[in-house]
Structures are given as C-alpha cells and as structure tokens.
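Shown next: data.csv, containing CSV, C-alpha atoms.
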```csv
chain,number,residue,atom,x,y,z
A,1128,MET,CA,-74.0,3.2,-2.0
A,1129,LYS,CA,-74.2,5.7,-4.8
A,1130,ASN,CA,-73.5,8.5,-2.4
A,1131,ARG,CA,-70.5,6.7,-1.0
A,1132,LEU,CA,-69.1,6.2,-4.5
A,1133,LEU,CA,-69.7,9.9,-5.3
A,1134,ALA,CA,-67.9,10.8,-2.0
A,1135,VAL,CA,-64.9,8.7,-2.8
A,1136,ALA,CA,-64.8,9.9,-6.4
A,1137,GLY,CA,-65.2,13.5,-5.3
A,1138,PHE,CA,-62.5,13.3,-2.7
A,1139,ALA,CA,-60.1,11.5,-5.1
A,1140,LEU,CA,-60.8,14.1,-7.8
A,1141,GLY,CA,-60.3,17.0,-5.3
A,1142,LEU,CA,-57.1,15.4,-4.0
A,1143,GLY,CA,-55.7,15.0,-7.5
A,1144,ALA,CA,-56.6,18.5,-8.4
A,1145,GLY,CA,-55.0,19.8,-5.2
A,1146,LEU,CA,-51.8,17.9,-5.7
A,1147,LEU,CA,-51.7,18.9,-9.3
A,1148,TYR,CA,-52.0,22.6,-8.3
A,1149,ALA,CA,-49.6,22.4,-5.4
A,1150,TRP,CA,-46.9,20.3,-7.0
A,1151,GLY,CA,-47.3,21.1,-10.7
A,1152,ILE,CA,-49.1,24.4,-11.4
A,1153,ARG,CA,-48.0,26.4,-8.4
A,1154,PRO,CA,-45.4,24.6,-6.4
A,1155,ALA,CA,-43.4,26.1,-3.6
A,1156,GLN,CA,-41.2,28.9,-4.9
A,1157,TYR,CA,-38.0,28.0,-6.7
A,1158,THR,CA,-36.4,31.2,-5.6
A,1159,ASP,CA,-34.8,32.3,-2.3
A,1160,THR,CA,-33.1,29.0,-1.8
A,1161,ASN,CA,-30.1,28.6,0.4
A,1162,PRO,CA,-26.7,27.1,-0.4
A,1163,ALA,CA,-27.7,23.8,1.3
A,1164,SER,CA,-29.9,23.1,-1.7
A,1165,LEU,CA,-27.3,23.6,-4.3
A,1166,HIS,CA,-26.4,20.9,-6.7
A,1167,ALA,CA,-23.2,19.0,-5.5
A,1168,ASP,CA,-21.1,20.7,-8.2
A,1169,TYR,CA,-22.3,24.2,-7.3
A,1170,LYS,CA,-21.8,23.3,-3.6
A,1171,ALA,CA,-18.2,22.4,-4.4
A,1172,ASP,CA,-17.9,25.8,-6.2
A,1173,TYR,CA,-19.4,27.5,-3.2
A,1174,ILE,CA,-16.9,25.8,-0.8
A,1175,GLN,CA,-14.1,26.8,-3.2
A,1176,LEU,CA,-15.3,30.4,-3.1
A,1177,VAL,CA,-15.3,30.3,0.7
A,1178,ALA,CA,-11.8,28.8,0.7
A,1179,ARG,CA,-10.4,31.4,-1.8
A,1180,SER,CA,-12.1,34.2,0.1
A,1181,PHE,CA,-10.6,32.9,3.3
A,1182,ALA,CA,-7.2,32.9,1.7
A,1183,VAL,CA,-7.6,36.6,1.1
A,1184,ASP,CA,-9.3,37.9,4.2
A,1185,GLY,CA,-8.1,35.3,6.7
A,1186,ASP,CA,-11.5,35.5,8.6
A,1187,ILE,CA,-12.0,31.9,9.8
A,1188,GLU,CA,-15.2,32.8,11.7
A,1189,ARG,CA,-16.7,34.2,8.5
A,1190,ALA,CA,-15.6,31.1,6.7
A,1191,ARG,CA,-17.2,28.9,9.3
A,1192,ALA,CA,-20.5,30.8,9.1
A,1193,ARG,CA,-20.5,30.5,5.3
A,1194,LEU,CA,-19.8,26.8,5.5
A,1195,ALA,CA,-22.5,26.3,8.2
A,1196,VAL,CA,-25.2,27.2,5.7
A,1197,ILE,CA,-24.4,24.3,3.4
A,1198,GLU,CA,-25.5,22.1,6.4
A,1199,GLU,CA,-22.8,19.5,6.2
A,1200,ALA,CA,-22.3,17.5,9.4
A,1201,ASP,CA,-18.5,18.0,9.4
A,1202,PRO,CA,-17.5,21.0,7.3
A,1203,ALA,CA,-13.8,20.4,7.9
A,1204,ARG,CA,-14.0,16.9,6.6
A,1205,THR,CA,-16.0,18.1,3.6
A,1206,VAL,CA,-13.4,20.7,2.8
A,1207,THR,CA,-10.6,18.2,3.2
A,1208,ALA,CA,-12.3,15.7,0.9
A,1209,LEU,CA,-12.8,18.4,-1.7
A,1210,ALA,CA,-9.1,19.4,-1.4
A,1211,GLN,CA,-8.1,15.8,-1.8
A,1212,ARG,CA,-10.3,15.3,-4.8
A,1213,ALA,CA,-9.0,18.5,-6.3
A,1214,ALA,CA,-5.4,17.4,-5.7
A,1215,ALA,CA,-6.1,13.9,-7.1
A,1216,SER,CA,-7.7,15.3,-10.2
A,1217,GLY,CA,-4.8,17.6,-10.9
A,1218,GLY,CA,-6.9,20.7,-10.1
A,1219,ASP,CA,-5.7,24.2,-9.9
A,1220,PRO,CA,-2.9,24.2,-7.3
A,1221,GLU,CA,-4.1,27.6,-6.0
A,1222,ALA,CA,-7.5,26.0,-5.4
A,1223,VAL,CA,-6.0,23.0,-3.7
A,1224,ARG,CA,-3.8,25.3,-1.5
A,1225,SER,CA,-6.7,27.4,-0.4
A,1226,LEU,CA,-8.9,24.4,0.3
A,1227,ALA,CA,-6.0,22.8,2.3
A,1228,ALA,CA,-5.5,26.0,4.2
A,1229,LEU,CA,-9.2,26.2,5.1
A,1230,ALA,CA,-9.3,22.6,6.0
A,1231,SER,CA,-6.3,23.1,8.3
A,1232,ALA,CA,-7.8,26.2,9.8
A,1233,LEU,CA,-11.1,24.4,10.5
A,1234,GLY,CA,-9.5,21.4,12.0
A,1235,ALA,CA,-6.0,22.5,12.9
A,1236,ARG,CA,-4.5,20.7,15.8
A,1237,PRO,CA,-1.1,20.9,17.3
A,1238,VAL,CA,1.4,18.5,15.8
A,1239,THR,CA,4.5,17.1,17.4
A,1240,PRO,CA,6.9,17.0,14.5
A,1241,THR,CA,9.3,14.1,14.8
A,1242,LEU,CA,12.3,16.3,14.0
A,1243,PHE,CA,11.3,19.2,16.3
A,1244,PRO,CA,11.2,18.2,19.9
A,1245,LEU,CA,9.1,20.7,21.8
A,1246,GLY,CA,10.2,22.4,25.0
A,1247,GLU,CA,8.1,21.8,28.0
A,1248,THR,CA,6.5,25.2,27.9
A,1249,GLN,CA,5.6,24.7,24.2
A,1250,ARG,CA,4.3,21.2,24.4
A,1251,PRO,CA,0.6,21.0,23.5
A,1252,ALA,CA,-1.8,19.6,26.0
A,1253,THR,CA,-2.6,16.6,23.8
A,1254,PRO,CA,0.4,15.8,21.6
A,1255,GLU,CA,-0.2,13.6,18.6
A,1256,ALA,CA,1.5,10.4,19.6
A,1257,THR,CA,1.1,8.7,16.3
A,1258,LEU,CA,3.7,10.9,14.7
A,1259,THR,CA,6.3,10.6,17.4
A,1260,ALA,CA,8.9,8.1,16.3
A,1261,GLU,CA,10.8,5.7,18.5
A,1262,PRO,CA,14.1,6.1,16.6
A,1263,THR,CA,16.1,3.0,16.6
A,1264,LEU,CA,18.1,4.3,13.7
A,1265,THR,CA,20.8,6.9,14.2
A,1266,PRO,CA,19.4,10.3,13.3
A,1267,GLU,CA,21.4,12.5,11.1
A,1268,PRO,CA,23.6,14.8,13.2
A,1269,THR,CA,22.5,18.0,11.5
A,1270,LEU,CA,19.0,17.5,12.8
A,1271,SER,CA,20.0,18.2,16.3
A,1272,ARG,CA,20.7,21.8,15.4
A,1273,LEU,CA,17.3,22.4,14.1
A,1274,PRO,CA,15.4,25.2,15.8
A,1275,THR,CA,12.3,24.4,17.8
A,1276,ALA,CA,9.0,24.6,16.0
A,1277,THR,CA,6.2,26.7,17.2
A,1278,PRO,CA,3.1,24.5,17.5
A,1279,ILE,CA,-0.3,25.8,16.5
A,1280,PRO,CA,-2.2,26.3,19.7
A,1281,GLN,CA,-5.3,24.1,19.7
A,1282,GLY,CA,-8.4,26.0,18.6
A,1283,VAL,CA,-6.6,29.0,17.4
A,1284,PRO,CA,-7.0,29.6,13.7
A,1285,ILE,CA,-4.0,29.7,11.6
A,1286,GLN,CA,-3.3,32.5,9.1
A,1287,PRO,CA,-4.1,31.7,5.5
A,1288,PRO,CA,-1.1,30.8,3.5
A,1289,THR,CA,0.9,33.4,1.6
A,1290,PRO,CA,1.6,32.5,-2.0
A,1291,THR,CA,4.4,30.0,-2.2
A,1292,LEU,CA,7.3,31.6,-4.0
A,1293,PRO,CA,9.8,29.5,-6.0
A,1294,GLY,CA,12.6,28.5,-3.7
A,1295,ALA,CA,10.7,29.8,-0.7
A,1296,PHE,CA,11.3,26.5,1.1
A,1297,ALA,CA,14.6,25.0,1.9
A,1298,PHE,CA,15.2,21.4,2.8
A,1299,VAL,CA,16.1,21.1,6.5
A,1300,GLY,CA,16.7,17.5,7.0
A,1301,ARG,CA,15.4,14.0,7.0
A,1302,GLN,CA,15.1,11.4,9.7
A,1303,PRO,CA,14.0,7.8,9.7
A,1304,VAL,CA,10.8,7.1,11.5
A,1305,CYS,CA,10.4,3.8,13.2
A,1306,ASP,CA,6.8,3.8,14.4
A,1307,PRO,CA,5.3,0.3,14.5
A,1308,LYS,CA,1.9,1.9,14.7
A,1309,LEU,CA,2.1,3.2,11.2
A,1310,PRO,CA,0.2,0.8,9.0
A,1311,GLN,CA,2.6,1.3,6.1
A,1312,PRO,CA,5.9,2.9,5.4
A,1313,LEU,CA,5.4,6.6,4.6
A,1314,ILE,CA,7.3,9.6,3.3
A,1315,GLN,CA,6.2,12.2,5.8
A,1316,ILE,CA,6.6,15.8,4.9
A,1317,LEU,CA,6.4,18.7,7.2
A,1318,ALA,CA,6.4,22.2,5.7
A,1319,LEU,CA,7.1,25.1,8.1
A,1320,ASP,CA,7.3,28.8,7.7
A,1321,ALA,CA,10.2,30.9,8.9
A,1322,SER,CA,8.8,31.0,12.4
A,1323,GLY,CA,8.1,27.3,12.5
A,1324,VAL,CA,4.4,27.4,11.9
A,1325,PRO,CA,3.2,24.5,9.7
A,1326,VAL,CA,2.3,25.6,6.2
A,1327,PRO,CA,-0.6,23.9,4.4
A,1328,GLY,CA,-1.0,23.7,0.6
A,1329,VAL,CA,2.6,23.0,-0.2
A,1330,GLU,CA,2.9,20.8,-3.3
A,1331,VAL,CA,5.3,17.9,-3.0
A,1332,ILE,CA,6.4,15.8,-5.9
A,1333,VAL,CA,7.5,12.2,-5.4
A,1334,GLU,CA,9.4,10.4,-8.2
A,1335,TRP,CA,10.6,6.9,-8.6
A,1336,GLY,CA,11.8,4.8,-11.5
A,1337,GLY,CA,9.2,5.2,-14.1
A,1338,GLY,CA,6.6,7.1,-12.1
A,1339,PHE,CA,5.8,10.2,-10.2
A,1340,ASP,CA,3.0,11.5,-8.0
A,1341,HIS,CA,2.3,14.6,-6.1
A,1342,PHE,CA,0.4,15.6,-3.0
A,1343,PHE,CA,-0.1,18.7,-0.8
A,1344,THR,CA,0.5,19.4,2.8
A,1345,GLY,CA,-2.5,20.1,5.0
A,1346,LEU,CA,-4.9,17.5,3.5
A,1347,LYS,CA,-4.8,15.6,6.7
A,1348,PRO,CA,-5.5,18.4,9.2
A,1349,GLU,CA,-5.8,16.0,12.0
A,1350,LEU,CA,-2.0,15.3,11.7
A,1351,GLY,CA,-1.1,19.0,11.4
A,1352,SER,CA,-1.6,21.7,8.8
A,1353,GLY,CA,1.9,21.4,7.4
A,1354,TYR,CA,1.8,17.6,7.2
A,1355,GLY,CA,1.5,15.5,4.1
A,1356,ASP,CA,2.5,11.9,3.4
A,1357,PHE,CA,3.0,9.4,0.7
A,1358,ALA,CA,2.9,5.6,0.9
A,1359,MET,CA,6.2,3.9,0.0
A,1360,THR,CA,6.6,0.5,-1.6
A,1361,GLU,CA,9.4,-1.8,-0.5
A,1362,GLY,CA,12.4,-1.9,-2.8
A,1363,VAL,CA,11.7,1.3,-4.6
A,1364,ASP,CA,14.0,4.4,-4.5
A,1365,TYR,CA,12.1,7.6,-4.2
A,1366,THR,CA,13.1,11.2,-4.9
A,1367,VAL,CA,11.2,14.0,-3.2
A,1368,ARG,CA,11.1,17.7,-4.3
A,1369,LEU,CA,8.8,20.6,-3.7
A,1370,ALA,CA,7.0,21.9,-6.7
A,1371,ALA,CA,8.0,25.4,-5.7
A,1372,ASN,CA,11.7,24.4,-5.6
A,1373,PRO,CA,12.2,21.6,-8.1
A,1374,ALA,CA,15.9,22.0,-8.3
A,1375,GLU,CA,16.4,20.7,-4.8
A,1376,ALA,CA,15.9,17.0,-4.9
A,1377,ILE,CA,16.0,14.7,-1.9
A,1378,ASN,CA,17.2,11.3,-3.3
A,1379,GLY,CA,17.6,7.8,-2.1
A,1380,LEU,CA,14.5,7.5,0.1
A,1381,ARG,CA,13.7,3.8,0.4
A,1382,VAL,CA,11.9,1.7,2.9
A,1383,GLU,CA,14.3,0.8,5.7
A,1384,THR,CA,13.9,-2.0,8.3
A,1385,CYS,CA,13.3,-1.1,11.9
A,1386,THR,CA,13.5,-3.2,15.0
A,1387,ASP,CA,11.3,-2.8,18.0
A,1388,ALA,CA,12.2,-3.3,21.6
A,1389,GLY,CA,11.3,-6.9,21.4
A,1390,GLY,CA,13.6,-7.5,18.4
A,1391,LYS,CA,10.7,-7.7,16.0
A,1392,GLN,CA,11.4,-6.2,12.6
A,1393,PHE,CA,9.0,-3.9,10.7
A,1394,LEU,CA,9.1,-1.4,7.9
A,1395,GLY,CA,10.1,2.2,8.7
A,1396,SER,CA,9.2,5.5,7.2
A,1397,TRP,CA,11.0,8.8,6.5
A,1398,SER,CA,10.2,12.2,7.8
A,1399,LEU,CA,11.4,15.2,5.8
A,1400,VAL,CA,11.2,18.8,6.9
A,1401,PHE,CA,11.2,21.9,4.7
A,1402,ARG,CA,11.3,25.3,6.0
A,1403,GLN,CA,11.0,28.9,4.7
A,1404,PRO,CA,14.2,30.8,5.4
B,1386,MET,CA,-78.2,13.3,-9.8
B,1387,SER,CA,-80.1,14.2,-6.7
B,1388,ARG,CA,-79.4,17.3,-4.8
B,1389,ALA,CA,-78.0,15.3,-1.9
B,1390,SER,CA,-75.6,13.5,-4.2
B,1391,LEU,CA,-74.4,16.8,-5.7
B,1392,VAL,CA,-73.8,18.2,-2.2
B,1393,THR,CA,-71.9,15.1,-1.2
B,1394,LEU,CA,-69.8,15.3,-4.4
B,1395,VAL,CA,-69.0,19.0,-3.9
B,1396,ILE,CA,-68.2,18.6,-0.2
B,1397,CYS,CA,-65.9,15.6,-0.9
B,1398,LEU,CA,-64.3,17.4,-3.8
B,1399,ALA,CA,-63.6,20.4,-1.6
B,1400,LEU,CA,-62.2,18.1,1.1
B,1401,GLY,CA,-60.0,16.3,-1.4
B,1402,LEU,CA,-58.8,19.6,-2.8
B,1403,GLY,CA,-58.0,20.8,0.7
B,1404,ALA,CA,-56.1,17.6,1.5
B,1405,GLY,CA,-54.2,17.8,-1.8
B,1406,LEU,CA,-53.2,21.4,-1.1
B,1407,TYR,CA,-52.2,20.5,2.4
B,1408,ILE,CA,-50.1,17.6,1.3
B,1409,GLY,CA,-48.5,19.6,-1.6
B,1410,TRP,CA,-47.8,22.8,0.3
B,1411,VAL,CA,-47.3,21.7,3.9
B,1412,ALA,CA,-46.9,18.0,4.6
B,1413,ALA,CA,-44.8,17.1,1.6
B,1414,PRO,CA,-44.0,20.2,-0.4
B,1415,VAL,CA,-41.8,20.1,-3.4
B,1416,GLN,CA,-38.3,19.7,-2.3
B,1417,TYR,CA,-35.8,21.7,-4.2
B,1418,VAL,CA,-32.5,20.0,-4.4
B,1419,ASP,CA,-29.7,20.3,-6.9
B,1420,THR,CA,-30.5,24.0,-7.4
B,1421,ALA,CA,-28.2,26.5,-9.1
B,1422,PRO,CA,-26.7,29.6,-7.6
B,1423,ALA,CA,-29.1,31.8,-9.6
B,1424,SER,CA,-31.9,30.6,-7.4
B,1425,LEU,CA,-30.3,31.6,-4.1
B,1426,SER,CA,-32.0,34.3,-2.0
B,1427,GLN,CA,-30.8,37.8,-2.2
B,1428,THR,CA,-28.9,37.5,1.0
B,1429,TYR,CA,-26.8,34.6,-0.1
B,1430,LYS,CA,-26.3,36.1,-3.6
B,1431,ASP,CA,-25.0,39.2,-1.9
B,1432,ASP,CA,-22.6,37.2,0.1
B,1433,TYR,CA,-21.6,35.3,-3.0
B,1434,VAL,CA,-20.8,38.6,-4.7
B,1435,LEU,CA,-18.8,39.7,-1.7
B,1436,MET,CA,-16.8,36.5,-1.8
B,1437,ILE,CA,-16.2,37.0,-5.5
B,1438,ALA,CA,-15.1,40.6,-4.8
B,1439,THR,CA,-12.8,39.4,-2.1
B,1440,ILE,CA,-11.1,36.9,-4.3
B,1441,TYR,CA,-10.9,39.5,-7.1
B,1442,SER,CA,-9.1,41.8,-4.7
B,1443,GLY,CA,-6.5,39.1,-4.2
B,1444,ASN,CA,-5.9,38.0,-7.8
B,1445,GLY,CA,-7.4,40.6,-10.1
B,1446,ASP,CA,-8.9,37.9,-12.3
B,1447,LEU,CA,-11.8,39.6,-14.0
B,1448,ALA,CA,-12.6,36.8,-16.4
B,1449,ALA,CA,-13.1,34.4,-13.4
B,1450,VAL,CA,-15.3,37.1,-11.8
B,1451,ARG,CA,-17.5,37.3,-14.9
B,1452,ALA,CA,-17.8,33.5,-15.0
B,1453,ARG,CA,-18.8,33.3,-11.4
B,1454,LEU,CA,-21.3,36.2,-11.6
B,1455,ALA,CA,-22.8,34.6,-14.7
B,1456,ALA,CA,-23.4,31.4,-12.6
B,1457,LEU,CA,-25.4,33.7,-10.3
B,1458,GLY,CA,-27.5,34.7,-13.2
B,1459,PHE,CA,-25.9,38.1,-13.6
B,1460,ASP,CA,-25.2,38.4,-17.3
B,1461,ASP,CA,-24.7,42.1,-16.8
B,1462,PRO,CA,-22.4,42.1,-13.8
B,1463,GLY,CA,-21.9,45.8,-13.4
B,1464,PRO,CA,-25.4,46.7,-12.1
B,1465,ALA,CA,-25.6,43.6,-10.0
B,1466,VAL,CA,-22.3,44.3,-8.3
B,1467,ALA,CA,-23.3,48.0,-7.8
B,1468,ALA,CA,-26.7,47.0,-6.3
B,1469,ALA,CA,-25.0,44.5,-4.0
B,1470,THR,CA,-22.5,47.2,-3.0
B,1471,HIS,CA,-25.3,49.6,-2.2
B,1472,ARG,CA,-27.0,47.1,0.0
B,1473,PHE,CA,-23.8,46.5,1.9
B,1474,ILE,CA,-23.3,50.2,2.3
B,1475,ALA,CA,-26.8,50.6,3.6
B,1476,ALA,CA,-26.3,47.8,6.0
B,1477,GLU,CA,-23.1,49.5,7.2
B,1478,LYS,CA,-20.9,46.5,6.6
B,1479,PRO,CA,-17.2,46.6,7.4
B,1480,ASP,CA,-15.2,49.0,5.3
B,1481,ALA,CA,-12.8,46.3,4.1
B,1482,ASP,CA,-15.8,44.5,2.5
B,1483,LEU,CA,-17.1,47.8,1.0
B,1484,ARG,CA,-13.7,48.6,-0.5
B,1485,ARG,CA,-13.5,45.2,-2.1
B,1486,LEU,CA,-17.0,45.5,-3.6
B,1487,ALA,CA,-16.4,49.1,-4.7
B,1488,ARG,CA,-13.2,48.0,-6.4
B,1489,LEU,CA,-15.1,45.3,-8.2
B,1490,ALA,CA,-17.8,47.7,-9.3
B,1491,ALA,CA,-15.1,50.0,-10.6
B,1492,ALA,CA,-13.7,47.2,-12.6
B,1493,PHE,CA,-17.1,47.0,-14.4
B,1494,ASN,CA,-17.3,50.8,-14.6
B,1495,ALA,CA,-20.3,50.7,-12.4
B,1496,THR,CA,-19.3,53.0,-9.6
B,1497,THR,CA,-21.7,55.5,-8.0
B,1498,PRO,CA,-21.2,58.5,-5.8
B,1499,GLU,CA,-22.1,56.3,-2.7
B,1500,MET,CA,-19.0,54.2,-3.5
B,1501,GLN,CA,-16.5,57.0,-3.7
B,1502,PRO,CA,-15.5,56.9,0.0
B,1503,TYR,CA,-14.5,53.3,-0.6
B,1504,LEU,CA,-12.5,53.8,-3.7
B,1505,PRO,CA,-8.8,54.6,-3.8
```

Starting from the file, give its structure as structure tokens.
Amino acid sequence: MKNRLLAVAGFALGLGAGLLYAWGIRPAQYTDTNPASLHADYKADYIQLVARSFAVDGDIERARARLAVIEEADPARTVTALAQRAAASGGDPEAVRSLAALASALGARPVTPTLFPLGETQRPATPEATLTAEPTLTPEPTLSRLPTATPIPQGVPIQPPTPTLPGAFAFVGRQPVCDPKLPQPLIQILALDASGVPVPGVEVIVEWGGGFDHFFTGLKPELGSGYGDFAMTEGVDYTVRLAANPAEAINGLRVETCTDAGGKQFLGSWSLVFRQP
Amino acid sequence: MSRASLVTLVICLALGLGAGLYIGWVAAPVQYVDTAPASLSQTYKDDYVLMIATIYSGNGDLAAVRARLAALGFDDPGPAVAAATHRFIAAEKPDADLRRLARLAAAFNATTPEMQPYLP
C-alpha cells in the first residue's frame, strides 16, 4: 500500500515537474513563428501589406502565396471582409482601394454589365444572371451608343488599379434595373477603365436629404471587380457622385416601380456606369 | 524509507517527468497564438521587409516604413534592411525585388558595395 502511494506521489510529482519545465521554464520556442500565428490585428496588417505590395508589383501569384501562409480557408473572402471593414470604418482610401483590388484579383469573375451587352464572341462562359435586368422601363437612348465592355476572362488576374486621378471617370449613363431577384432596390455602380475593364476601389458617395454614405467598387468580387452597390429606401431621392470627381453629381435617383411579366409590381433598382476616358 | 520504496519513488518520478515532458513538448505543446511580427521567422521577416520595400517604391513614405519595420522589431532599420537585401542577393532573387530593397537601404544610408548594381 505504501509503495503504491509512493508510486502515485512520485509519478504526480514527476508529471508536475515535467509540465512545469515544458510549459513554464522552457516552453517551445517563441521565435520562428509564421504569419498564421499572428494576432488578428497584425494579421490584418499583414494582409494590408500584401494588398499594397500587390498594388505596386501586380504579382497575383506572389500575393496568393503570401496569403496562403496565414492559413485562412478562403483568402479572397478574408481580404474582401477586411476591405469592407476598412471602408466602413472610414479607413485610408488607398488601403481600401488596394484591398478591393486584391480581393477582386483573387476572386474576379466575369460580369455581365446591364448596360453593356456582350457580343457573342465576348460572352463569358458563365454569365452572371443576377445582374442582368429584364428592362420593363424604357432605357435612356444614349445608352445604346455605349461601347462594348471587355469582360475579365475567368481565372485571369486583373491588373492592380492605377491611382484614381480627379476627374478620371466620366459618367456614362444610368438605366433602370427591373430584376425581381434582387432582394432590395439598389443603386448599382459599374466603374470601367478606358478599355472597358472593371476598376475596383473606386470610391462612390451617395447623398440624400440629411445624410450621406460612401462605398467602394470591388468589395463584392463575385459580382465583378468594378461593381459596387447601395441599398435604396423607398421615397428617398439620392444623388451619386464619385469621390474622384465630386463636381459631377447624378441626381434624382429614387426607387421606381417595375412590373413583371405577370403584372406583379416590385421595386426596381438603378445601374450607373462610370468610365475613364 | 526502505530501499525498495526509494527505488519505486525514483522510477515513478522519472516516469512522471517523462510523461510531463512528452505532454508539454509533443502531445500538447504550448500553442503560440496572437504573436507579433517580431516573432516571425527570418524567412517571413525578410518577405515582410520586401513587401515594405515594394510599397516604399510606390509611395516613398519613409515614415510608414519606419513604423512597419519597428513592428518587426527593427528599431535600427538600416542594418536590418541591408541584411535582408544581402540575403536576397545571395539567394539570387529577381532584380526587381533587389532594386526595391536596395532603394530602401539607400533611404536609410545603409547601402553596401553588393547593392551597387541594383541602385540607380
């Protein structure tokens, strides 16, 4: 009995000493860690560095490799969420732009802009049906003269954005969007460069009586890297302008009523296109 | 205490110690989470420095560079950037990277003869 007690006591004592040494006195080394172990704030800084770096070197494979080491299940989603948080908290626009550009490059898919019907040879294999309106309202005649956009081929990384210069975008046109699949009426923005390639990270300001908000294109990469939207409220008149070109205001945007093929009414959205000359 | 008891105690103590070390080092080692960039391995620190140099080549913001390098534990950034640049040169990394690193080292007056081919 005594020996058994001694055995148990000895084992417990040894176990305690071993754990004390291994966990307390000489634990596994605190050096040579990898970015996956970084504190969330530092990890966000790391992603920010990757995005800003990508904005300079445009090397998406390198950016992918750098993001892989933080061991996130879906790096594109992580970058997008970070971009959205940065935008929502009024963060540095340059930071938001680079994050949006990286998110778009990681998850860029072809978009079928409502205002830019694609030719058969340009049509992506899997067009995004959700953005294609069934226009029951008469489109503005000027829109028919718009040049055809060049979609981003699926899986091909886009170039990082060049800095947005004041006045670099011009308003091309707006068109009502009657899509019953949209859960709420939206102001949809599409920003394109001179060759029709969607541009992420473009800051859009929305104003209405007594309030304003802003958002960036490219924060919903699944809808296209140049796409951004804003939820409208019925009965409110909105004005939209780009932060890079505040003098050009698009006024009088309000929720319109659409009618589907069965005669059922629903709330419509607006699609606005801006393009670099 | 009899000799047998002492032997039992010592053996069990050793067994317990071994079990404790096994658990502490192998089965359930200390997990490092929420670490700071300063604890990153040399490889990751070097890549961090390269990213900083790349961003600097785009915006020339040396104050931001200092802040980022300080987060890496480099309070004296010049030698750290120079050392990283030398490692990249030795590893024959792409010239574009070497130029960015050399330019950053130059901003800290930390250039060396090895960097000269990559400086304007």

Among the residues A:Phe1393, A:Phe1181, A:Phe1138, A:Tyr1169, the one that comes closest to Val1304 of chain A [using only C-alpha atoms]: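 Checking each of A:Phe1393, A:Phe1181, A:Phe1138, A:Tyr1169 against Val1304 of chain A, counting only C-alpha atoms, the winner is A:Phe1393.
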
Interface, chain A side, toward chain B (6 Å; only C-alpha atoms) as a list in words: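 Within 6 Å of chain B on chain A, we get Asn1130, Leu1133, Ala1134, Gly1137, Phe1138, Gly1141, Leu1142, Gly1145, Leu1146, Ala1149, Trp1150, Thr1158, Asp1159, Thr1160, Asn1161, Ser1164, Leu1165, His1166, Ser1180 and Val1183 of chain A.
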
Among listed residues A:Val1196, A:Ala1178, A:Leu1369, A:Leu1346, nearest Ala1210 of chain A (using only C-alpha atoms): A:Leu1346

Nearby residues, (11.7, 10.3, -9.2) file frame, 7 Å, only C-alpha atoms, as a list of chain:residue names: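 Result, sorted by chain then residue number: A:Val1333, A:Glu1334, A:Trp1335, A:Gly1336, A:Gly1338, A:Phe1339, A:Tyr1365, A:Thr1366.
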
Å distance separating atom CA of Ala1208 of chain A from atom CA of Ile1187 of chain A, one decimal place: 18.5 Å

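If you look at atom CA of Asp1172 of chain A and atom CA of Thr1207 of chain A, they are 14.1 Å away from each other.
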
Point (13.3, 13.0, 5.1) neighbourhood (9 Å, all atoms listed in the file) written as a VMD selection string: chain A and resid 1298 to 1303 1314 to 1316 1367 1377 1380 1396 to 1400

Exercise: Ala1495 of chain B partners within 9 Å, all atoms listed in the file, chain neighbours under 4 positions left out, as a ChimeraX atom specification: /B:1462-1464,1466-1467,1487,1489-1491

Ala1228 of chain A surroundings by only C-alpha atoms, 9 Å radius, close-in-sequence under 2 positions cut, as a count of residues only: 21

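In this comparison, which uses only C-alpha atoms, the residue of B:Ala1465, B:Gly1445, B:Leu1454, B:Val1434 approaching Thr1496 of chain B most closely is B:Ala1465.
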
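Every protein, DNA or RNA residue with an atom at most 12 Å from Pro1479 of chain B, where only C-alpha atoms count and chain neighbours fewer than 6 positions away do not, is listed here: Leu1435, Thr1470, Phe1473, Arg1485, Leu1486 and Tyr1503 of chain B.
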
Distance in Å - atom CA of Gln1175 of chain A versus atom CA of Gly1217 of chain A: 15.2 Å

From A:Gly1351, A:Thr1344, A:Ala1297, A:Leu1313, residue lying nearest Pro1404 of chain A [all atoms listed in the file]: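 Looking at the shortest contact to Pro1404 of chain A, the residue is A:Ala1297.
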
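Distances here use all atoms listed in the file; by that measure, the residue among A:Arg1193, A:Ala1213, A:Lys1308, A:Glu1330 closest to Asp1387 of chain A is A:Lys1308.
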
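Using all atoms listed in the file, the contacts of Ala1318 of chain A at a cut-off of 7 Å, with sequence neighbours closer than 3 positions omitted, comprise Pro1325, Val1326, Gly1353, Tyr1354, Val1400, Phe1401 and Arg1402 of chain A.
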